[in-house]
There are 2 protein chains.
Amino acid sequence: MTLQQVLKPDIQELVANRDFASLRLALADWTPQELADLIEALEPPEDVIVFRLLPRDLAADTFEYLDTETQKRLVNALIQEKERLVNLLNDLSPDDRTSLFEELPGHVTQRLLNMLSPEERQVAVMLLGYPEDSIGRLMTTDYVAIRPEWTVQQAIEHIRKHGKDSETFDVVYVVDRSWRLLDDLRVRELLLAEPSTLIADLMDERFVALRAADDQEVAVAEFLEHDRVALPVTDSRGVLIGIVTVDDVLDVAQEEATEDIHKLGGTEALDAPYLDTPLLSLVSKRARWLVALFLGEMLTASAMGYFEDEIARAVVLALFVPLIISSGGNSGSQAATLIIRAMAVGEISLRDWWHVMRREVFSGLLLGGILGAIGFVRVSVWHAMFGFYGTHWLLIGLTVALSLVGVVMWGTLSGSMLPFVMRKLGADPATSSTPFVATLVDVTGLIIYFSVAAAILSGSVL
Amino acid sequence: MTLQQVLKPDIQELVANRDFASLRLALADWTPQELADLIEALEPPEDVIVFRLLPRDLAADTFEYLDTETQKRLVNALIQEKERLVNLLNDLSPDDRTSLFEELPGHVTQRLLNMLSPEERQVAVMLLGYPEDSIGRLMTTDYVAIRPEWTVQQAIEHIRKHGKDSETFDVVYVVDRSWRLLDDLRVRELLLAEPSTLIADLMDERFVALRAADDQEVAVAEFLEHDRVALPVTDSRGVLIGIVTVDDVLDVAQEEATEDIHKLGGTEALDAPYLDTPLLSLVSKRARWLVALFLGEMLTASAMGYFEDEIARAVVLALFVPLIISSGGNSGSQAATLIIRAMAVGEISLRDWWHVMRREVFSGLLLGGILGAIGFVRVSVWHAMFGFYGTHWLLIGLTVALSLVGVVMWGTLSGSMLPFVMRKLGADPATSSTPFVATLVDVTGLIIYFSVAAAILSGSVL
C-alpha cells in the first residue's frame with residue numbers, strides 16, 4: 001500500500017466538503033512524483049480538482065511526471081468535467097477563485113485549447129483562470145508553430161499539413177521545446193528564403209506578444225500602437241498559448257466605446273443592439289438611472305424650498321434658475337466627457353489629476369466669464385427694452401453674472417474631477433455620466449445662485 | 001492648323017480665370033481623340049486641369065487615346081503639379097469641387113498611386129476626388145495583383161519578385177486586363193496548390209470589396225461584419241485601386257468614437273489628445289457650444305417671465321422647476337445617446353424612425369409614469385411630514401405628477417427623433433448632443449409644466 005492510497009479517502013473527503021483551502025495546503029508539501037502517482041490513482045473529477053489546486057510551478061512539474069497516457073487522460077478529464085468544474089468555480093467567491101486556482105501551466109493550457117472546439121473553448125477559458133474581459137478570453141488557437149532547428153523546407157511542409165484549416169493569417173510562430181515563444185515569422189519570408197535555410201537564421205527575435213491575463217483594453221492599445229493584424233498570446237512565463245486577431249479586437253473596441261457612450265448618456269449599457277433589446281429591458285435599464293437621478297434632483301426642490309422666502313420677495317430670481325443651473329450642467333458635461341474619453345483611450349491616468357485640475361480651473365474661469373458677460377448683457381438689454389427688472393436691474397444683472405462665473409467654474413471642476421474620483425474608487429469613470437454631473441451641479445448651482453443673490457441683493461430687492 | 005491649336009488660347013484663358021464651369025461645359029462635346037490631341041498640345045498645369053475637368057467616362061476614354069509616353073507624362077504632371085492642384089482645389093467650395101471634379105478613372109488612379117511614395121500619397125488622394133473621411137483616403141497600394149490566366153508557379157514567382165517590400169498581408173488579388181477585381185486568394189492557397197494549376201481554377205469569385213468613395217464608417221462596419229484583416233478597394237467601376245488594412249480601420253473606429261463622445265458631451269471634437277490641446281483652443285471649442293446652449297437656454301428665462309404672475313401667486317410652483325425640467329433633459333439624453341450610437345454602428349438607419357418612435361412613445365410613457373408616481377409620493381410625504389404645501393397639496397402633487405409624465409414623454413420623443421432629423425438634414429446625428437437635447441427640453445418642459453399647472457390649479461392656488 002502506497003502513501004497515496006492511504007491518503008486517498010482523506011483527500012476525497014476534502015474534495016467532497018469543498019475544503020479547497022486545506023487541500024491546497026496539504027498538497028503543497030508533496031513531491032511532483034508523489035502527486036503524479038496520487039492523480040493517477042484518483043477518479044474524475046477528484047484528479048482534476050487536485051491538479052487544479054496545485055500551485056502553478058508544482059502543477060507544471062507534476063504534469064511532466066505523468067506518462068503521456070495519463071497526461072491525455074487528465075486533459076480529457078479537464079474537458080469532460082468542464083461543466084462540473086465551471087459550476088464549482090462559479091460557486092466560489094472571485095477572491096477565493098483567484099487565490100486557490102492559479103493560472104494553468106502554459107503546457108497544459110496549450111494542449112487543452114488545441115483539443116477543444118471553438119464553442120467549447122468559450123466555456124473552457126474560464127477554467128484557465130483568466131478573468132472576464134482578459135485577453136485570455138479572446139484567444140484562438142488557429143496558429144501554426146514551428147521550431148528554430150527546422151529548415152525552411154520542413155517548416156513549409158509543416159504549414160502545408162497543419163495550416164490548411166486554420167482561419168488565421170500567414171504568420172507562424174517559432175517556439176522552443178517547452179513551447180516558449182521565440183519569434184514570429186511571416187509565411188512569405190519562408191517562401192522567399194532558400195528551402196535549406198535554418199529557421200533560426202531567419203529569426204530576428206523581435207516580436208510583440210500579449211499576456212493572457214491582461215485586460216482586453218491592453219490588446220486594443222497594443223494593436224493601435226503596432227499596426228498588426230494578429231498578435232501572439234503567452235502565459236505569464238512566455239509560453240505561447242494562442243493568438244488574438246485584430247478583427248476580434250475591433251469588436252472589443254467598438255463594444256467598449258458603445259458601453260462608455262451609453263453610460264455617458266446616463267443609462268446602463270445595453271447588452272444587445274437597440275432594436276433587439278426587448279422593450280421592458282430597455283425601459284428598466286433606463287429607469288434605474290432615471291430614478292436615481294430623479295431622487296438626487298429632488299434636492300433641488302428642497303434647496304429651492306429653503307430659499308422660498310427670497311423667491312416670494314423677488315420672483316425675478318426664479319426666472320433665472322433654469323438658465324443658471326443648466327449652464328453649470330452643460331459645462332460639467334463637457335469637462336466630464338473630455339476627461340472620461342481621454343482616460344478610456346489611455347491619454348490620461350490617475351496621476352494627471354493635478355495637471356487636469358489646473359487646466360480646468362482656468363477653463364472654468366474663462367468659460368464662466370464669457371457666459372457671465374453674456375448674462376449681464378441680456379439683463380441690461382431686456383431692461384433697456386422692456387424696463388423689465390425695475391430700479392435694481394444693475395444689481396440683478398450683477399447677481400446673474402457672478403452666479404454664472406461661480407456655477408460654470410464649479411460645474412467644470414466637478415465634471416473634470418469626478419471621473420478621477422470614480423477611477424480612484426475602482427469604478428468605471430464613464431459612470432460619472434453627463435446627467436449625473438448635471439444633477440450634482442444643479443443642486444450646488446442653486447445654492448451658489450441664492451447665496452450670491454443674498455449677498456448682493458439684501459437691503460435692496462431682498 | 002488643327003482645331004485644338006485654334007482653341008488653345010481660349011482654353012488657357014478659361015484656366016487662367018479659373019472659369020472651370022464654362023471650361024467643363026465647352027470640353028464635354030469634344031471627342032476623346034480631339035481631347036487627347038489637345039492635352040498633348042497643352043503645357044502643365046493646363047493639361048492636367050483640362051484632363052481633371054473631363055467627365056469621368058470621357059476622361060477614361062481620352063486616357064486610352066493618349067500614347068503610353070503621354071500617359072506617363074500626364075500622370076507625372078499630376079504628381080508634379082500636385083501642390084498647385086491641391087491649392088487650386090482648396091480654393092473651390094466643396095460643392096464646386098464635387099460637381100466639377102469627378103472621381104479619376106480607376107486606371108489613372110492606380111498608376112498614379114503606384115508612382116507615389118506613402119508620404120506623397122497623403123496629399124495626392126485629394127486629387128483623386130475622394131472626400132475627406134472617405135475610404136479612398138485610407139488606401140495603401142502595398143498589394144500584389146495576379147492574373148487568372150497565370151499558373152500557380154507564375155503567380156508565386158510574381159509574388160517573390162513584387163511582394164518583398166510590401167508591408168501587407170498574404171492575400172493577393174486576381175484582376176483582369178483592365179485591372180477589374182475578380183477575386184482574392186490567400187498566398188497559402190497558392191502554396192498548397194499544384195504549381196501547374198491555373199489561378200482561374202482556384203478562384204471562387206467570392207470576395208468583399210470596399211468602394212473608395214464610401215465613408216470610412218462603411219469600412220469599419222464591413223470589417224466588423226467580415227472579420228478580415230485587409231479588404232480591397234475599388235473605384236465605382238470595380239477597378240482595383242488599393243487595399244485598406246484593419247489596423248488603420250481600428251484607428252478610424254477609435255477616432256470616430258472619440259469624436260462622437262465629444263460631440264455627445266456638448267463640445268466640438270478635439271483634434272488632438274486632451275493634454276496636448278492648447279488651453280485656449282480647448283476653451284474655444286467648448287465656449288462655442290456653451291454659448292450657443294446658453295443663448296438657447298435664455299428662452300427659459302423668457303418662458304418663466306411669461307409665467308411670472310403665476311409664480312408670484314404660487315411660489316411653490318417655482319420649487320419644482322429644476323426637478324421637472326431636468327427629468328425631461330435626462331430622459332432625452334438617454335434616448336438621444338442610445339439612438340445616436342445605434343446609428344453610428346449601423347444598427348439603425350433613417351427608415352427605422354417609425355419603429356423607433358413607437359418604442360420610444362411607450363418607453364416615455366412608462367418612464368414618465370414611474371417618475372410621476374415618485375414625484376406624487378414626494379409631495380404627499382413632505383406634506384404629511386412638514387405640512388409644506390397647504391390645503392391644495394393634492395392638486396400640487398397631481399400637477400407635478402402629470403407634468404413629469406408629459407415632460408419625460410416629450411424628452412424621450414425629442415431625444416430619439418432629433419438624431420433622425422439631423423441625419424435627414426445631412427448633419428452628424430451626434431450633434432444632437434445631450435446638452436443640446438436638454439436645453440431644447442428645458443424650454444418646452446417649462447411650458448408643459450406651467451400649462452398643466454394652469455389647467456389643474458386655476459381657481460384654487462392660482
# chains A, B, ... in the order shown; residues from 1 in each chain; ligands from 1
>>> select_by_dssp(residues="segment 256-348 of chain A", states="helix (DSSP H, G or I)", output="VMD selection string")
chain A and resid 256 to 264 274 to 276 279 to 306 308 to 313 316 to 319 321 to 344
>>> residues_around(residues="Glu40 of chain A", least_positions_apart="6", cutoff="12 Å", atoms="only C-alpha atoms", output="list of chain:residue names")
A:Gln4, A:Gln5, A:Lys8, A:Gln33, A:Glu34, A:Glu46, A:Asp47, A:Val48, A:Val50, A:Phe51, A:Thr62, A:Phe63, A:Tyr65, A:Leu66, A:Asp67, A:Thr68, A:Glu69, A:Thr70, A:Gln71, A:Lys72, A:Arg73, A:Leu74, A:Ala77
>>> closest_residue(among="B:Ser349, B:Thr300, B:Thr431, B:Thr399", to="chain A", atoms="only C-alpha atoms")
B:Thr300
>>> closest_residue(among="B:Leu413, B:Thr391, B:Phe386, B:Gly332", to="Arg359 of chain B", atoms="only C-alpha atoms")
B:Leu413
>>> residues_around(residues="Pro131 of chain A", least_positions_apart="6", cutoff="9 Å", atoms="only C-alpha atoms", output="list in words")
Val125, Arg137, Ala213, Asp214 and Asp215 of chain A
>>> calpha_fit_rmsd(fixed="chain B", moving="chain A")
1.3 Å
>>> residues_around(residues="segment 141-157 of chain A", least_positions_apart="5", cutoff="6 Å", atoms="only C-alpha atoms", output="list in words")
Ser166, Val172, Tyr173, Val174, Val175, Pro195, Ser196, Thr197, Leu198, Ile199, Ala200 and Gly242 of chain A
>>> atom_distance(atom1="atom CA of Arg237 of chain B", atom2="atom CA of Pro105 of chain B")
8.8 Å
>>> closest_residue(among="A:Glu360, A:Glu310, A:Asp428, A:Glu297", to="chain B", atoms="only C-alpha atoms")
A:Glu297
>>> residues_around(residues="Glu255 of chain B", least_positions_apart="5", cutoff="10 Å", atoms="only C-alpha atoms", output="list in words")
Val345 of chain A; Val249, Leu250, Asp260, Ile261, Ala269 and Asp271 of chain B
>>> write_last_selection(atoms="C-alpha atoms", output="PDB file, in the first residue's frame")
ATOM      1  CA  VAL A 345      -8.047  55.707 -24.596  1.00  0.00           C
TER       2      VAL A 345
ATOM      3  CA  VAL B 249      -9.644  50.860 -39.599  1.00  0.00           C
ATOM      4  CA  LEU B 250      -9.148  50.277 -35.882  1.00  0.00           C
ATOM      5  CA  ASP B 260     -18.935  61.142 -31.214  1.00  0.00           C
ATOM      6  CA  ILE B 261     -18.329  61.104 -27.478  1.00  0.00           C
ATOM      7  CA  ALA B 269     -14.409  67.273 -31.090  1.00  0.00           C
ATOM      8  CA  ASP B 271      -8.260  67.340 -32.885  1.00  0.00           C
TER       9      ASP B 271
END
>>> closest_residue(among="A:Asp251, A:Glu13, A:Asp133, A:Asp61", to="chain B", atoms="only C-alpha atoms")
A:Asp251
>>> closest_residue(among="A:Thr31, A:Asn17, A:Ser178, A:Thr277", to="chain B", atoms="only C-alpha atoms")
A:Thr277
>>> residues_around(residues="Pro273 of chain B", least_positions_apart="4", cutoff="12 Å", atoms="only C-alpha atoms", output="list in words")
Leu338, Ile339, Arg341, Ala342, Met343, Ala344, Val345, Gly346, Glu347 and Ile348 of chain A; Glu255, Thr258, Glu259, His262, Ala269, Thr277, Pro278, Leu279 and Leu282 of chain B
>>> write_last_selection(atoms="C-alpha atoms", output="PDB file, in the first residue's frame")
ATOM      1  CA  LEU A 338     -13.413  65.074 -22.350  1.00  0.00           C
ATOM      2  CA  ILE A 339     -11.742  63.556 -19.307  1.00  0.00           C
ATOM      3  CA  ARG A 341     -12.748  59.636 -23.084  1.00  0.00           C
ATOM      4  CA  ALA A 342      -9.135  60.661 -22.552  1.00  0.00           C
ATOM      5  CA  MET A 343      -8.985  58.111 -19.712  1.00  0.00           C
ATOM      6  CA  ALA A 344     -10.612  55.389 -21.813  1.00  0.00           C
ATOM      7  CA  VAL A 345      -8.047  55.707 -24.596  1.00  0.00           C
ATOM      8  CA  GLY A 346      -5.195  55.930 -22.102  1.00  0.00           C
ATOM      9  CA  GLU A 347      -4.238  59.575 -22.666  1.00  0.00           C
ATOM     10  CA  ILE A 348      -4.812  60.462 -19.026  1.00  0.00           C
TER      11      ILE A 348
ATOM     12  CA  GLU B 255     -11.156  58.293 -33.572  1.00  0.00           C
ATOM     13  CA  THR B 258     -13.888  59.808 -29.589  1.00  0.00           C
ATOM     14  CA  GLU B 259     -15.415  62.385 -31.920  1.00  0.00           C
ATOM     15  CA  HIS B 262     -17.014  64.662 -27.536  1.00  0.00           C
ATOM     16  CA  ALA B 269     -14.409  67.273 -31.090  1.00  0.00           C
ATOM     17  CA  THR B 277      -4.623  70.512 -26.853  1.00  0.00           C
ATOM     18  CA  PRO B 278      -3.551  74.100 -26.138  1.00  0.00           C
ATOM     19  CA  LEU B 279      -5.638  75.580 -23.354  1.00  0.00           C
ATOM     20  CA  LEU B 282      -9.688  73.761 -25.600  1.00  0.00           C
TER      21      LEU B 282
END
>>> atom_distance(atom1="atom CA of Ser458 of chain A", atom2="atom CA of Ala314 of chain A")
10.8 Å
>>> decode(residues="segment 256-325 of chain A", atoms="C-alpha atoms", output="PDB file, in the first residue's frame")
ATOM      1  CA  GLU A 256     -16.246  49.315 -25.195  1.00  0.00           C
ATOM      2  CA  ALA A 257     -16.972  52.593 -26.942  1.00  0.00           C
ATOM      3  CA  THR A 258     -20.677  51.734 -27.058  1.00  0.00           C
ATOM      4  CA  GLU A 259     -20.678  50.873 -23.380  1.00  0.00           C
ATOM      5  CA  ASP A 260     -18.968  54.144 -22.489  1.00  0.00           C
ATOM      6  CA  ILE A 261     -21.329  56.147 -24.674  1.00  0.00           C
ATOM      7  CA  HIS A 262     -24.387  54.544 -23.098  1.00  0.00           C
ATOM      8  CA  LYS A 263     -23.083  55.206 -19.618  1.00  0.00           C
ATOM      9  CA  LEU A 264     -22.195  58.784 -20.523  1.00  0.00           C
ATOM     10  CA  GLY A 265     -25.766  59.253 -21.707  1.00  0.00           C
ATOM     11  CA  GLY A 266     -26.974  58.287 -18.265  1.00  0.00           C
ATOM     12  CA  THR A 267     -28.264  54.794 -18.933  1.00  0.00           C
ATOM     13  CA  GLU A 268     -26.955  51.327 -18.209  1.00  0.00           C
ATOM     14  CA  ALA A 269     -25.133  49.845 -21.209  1.00  0.00           C
ATOM     15  CA  LEU A 270     -27.415  47.714 -23.379  1.00  0.00           C
ATOM     16  CA  ASP A 271     -26.254  44.121 -23.880  1.00  0.00           C
ATOM     17  CA  ALA A 272     -27.715  43.873 -27.375  1.00  0.00           C
ATOM     18  CA  PRO A 273     -28.351  46.231 -30.299  1.00  0.00           C
ATOM     19  CA  TYR A 274     -31.039  48.840 -29.583  1.00  0.00           C
ATOM     20  CA  LEU A 275     -33.663  47.305 -31.856  1.00  0.00           C
ATOM     21  CA  ASP A 276     -33.037  43.782 -30.493  1.00  0.00           C
ATOM     22  CA  THR A 277     -33.334  44.829 -26.853  1.00  0.00           C
ATOM     23  CA  PRO A 278     -36.767  43.874 -25.505  1.00  0.00           C
ATOM     24  CA  LEU A 279     -38.765  46.978 -24.681  1.00  0.00           C
ATOM     25  CA  LEU A 280     -39.107  46.188 -20.991  1.00  0.00           C
ATOM     26  CA  SER A 281     -35.407  45.563 -20.528  1.00  0.00           C
ATOM     27  CA  LEU A 282     -34.755  48.822 -22.415  1.00  0.00           C
ATOM     28  CA  VAL A 283     -37.068  50.682 -20.049  1.00  0.00           C
ATOM     29  CA  SER A 284     -35.672  49.042 -16.927  1.00  0.00           C
ATOM     30  CA  LYS A 285     -32.058  49.850 -17.870  1.00  0.00           C
ATOM     31  CA  ARG A 286     -33.054  53.467 -18.306  1.00  0.00           C
ATOM     32  CA  ALA A 287     -35.462  53.653 -15.386  1.00  0.00           C
ATOM     33  CA  ARG A 288     -32.852  52.685 -12.821  1.00  0.00           C
ATOM     34  CA  TRP A 289     -30.602  55.634 -13.646  1.00  0.00           C
ATOM     35  CA  LEU A 290     -33.506  57.985 -14.282  1.00  0.00           C
ATOM     36  CA  VAL A 291     -34.983  57.250 -10.870  1.00  0.00           C
ATOM     37  CA  ALA A 292     -31.602  57.622  -9.167  1.00  0.00           C
ATOM     38  CA  LEU A 293     -31.085  60.969 -10.888  1.00  0.00           C
ATOM     39  CA  PHE A 294     -34.632  61.997 -10.019  1.00  0.00           C
ATOM     40  CA  LEU A 295     -34.077  61.232  -6.350  1.00  0.00           C
ATOM     41  CA  GLY A 296     -30.879  63.283  -6.461  1.00  0.00           C
ATOM     42  CA  GLU A 297     -32.592  66.108  -8.272  1.00  0.00           C
ATOM     43  CA  MET A 298     -35.286  66.187  -5.558  1.00  0.00           C
ATOM     44  CA  LEU A 299     -32.696  68.018  -3.514  1.00  0.00           C
ATOM     45  CA  THR A 300     -33.246  70.960  -5.857  1.00  0.00           C
ATOM     46  CA  ALA A 301     -36.840  71.193  -4.631  1.00  0.00           C
ATOM     47  CA  SER A 302     -35.541  71.163  -1.071  1.00  0.00           C
ATOM     48  CA  ALA A 303     -32.900  73.775  -1.872  1.00  0.00           C
ATOM     49  CA  MET A 304     -35.485  75.956  -3.587  1.00  0.00           C
ATOM     50  CA  GLY A 305     -37.816  75.448  -0.613  1.00  0.00           C
ATOM     51  CA  TYR A 306     -35.057  76.717   1.633  1.00  0.00           C
ATOM     52  CA  PHE A 307     -34.977  79.935  -0.398  1.00  0.00           C
ATOM     53  CA  GLU A 308     -38.778  80.177  -0.716  1.00  0.00           C
ATOM     54  CA  ASP A 309     -38.948  83.473   1.185  1.00  0.00           C
ATOM     55  CA  GLU A 310     -36.352  85.074  -1.068  1.00  0.00           C
ATOM     56  CA  ILE A 311     -38.246  83.898  -4.147  1.00  0.00           C
ATOM     57  CA  ALA A 312     -41.533  85.245  -2.757  1.00  0.00           C
ATOM     58  CA  ARG A 313     -39.888  88.625  -2.163  1.00  0.00           C
ATOM     59  CA  ALA A 314     -38.194  88.697  -5.575  1.00  0.00           C
ATOM     60  CA  VAL A 315     -39.910  86.445  -8.085  1.00  0.00           C
ATOM     61  CA  VAL A 316     -37.442  87.748 -10.650  1.00  0.00           C
ATOM     62  CA  LEU A 317     -34.844  85.466  -9.018  1.00  0.00           C
ATOM     63  CA  ALA A 318     -36.816  82.357 -10.022  1.00  0.00           C
ATOM     64  CA  LEU A 319     -36.773  83.371 -13.670  1.00  0.00           C
ATOM     65  CA  PHE A 320     -33.037  82.762 -13.995  1.00  0.00           C
ATOM     66  CA  VAL A 321     -32.932  79.459 -12.153  1.00  0.00           C
ATOM     67  CA  PRO A 322     -33.095  77.172 -15.229  1.00  0.00           C
ATOM     68  CA  LEU A 323     -30.600  79.307 -17.149  1.00  0.00           C
ATOM     69  CA  ILE A 324     -28.034  79.340 -14.372  1.00  0.00           C
ATOM     70  CA  ILE A 325     -28.186  75.717 -13.283  1.00  0.00           C
TER      71      ILE A 325
END
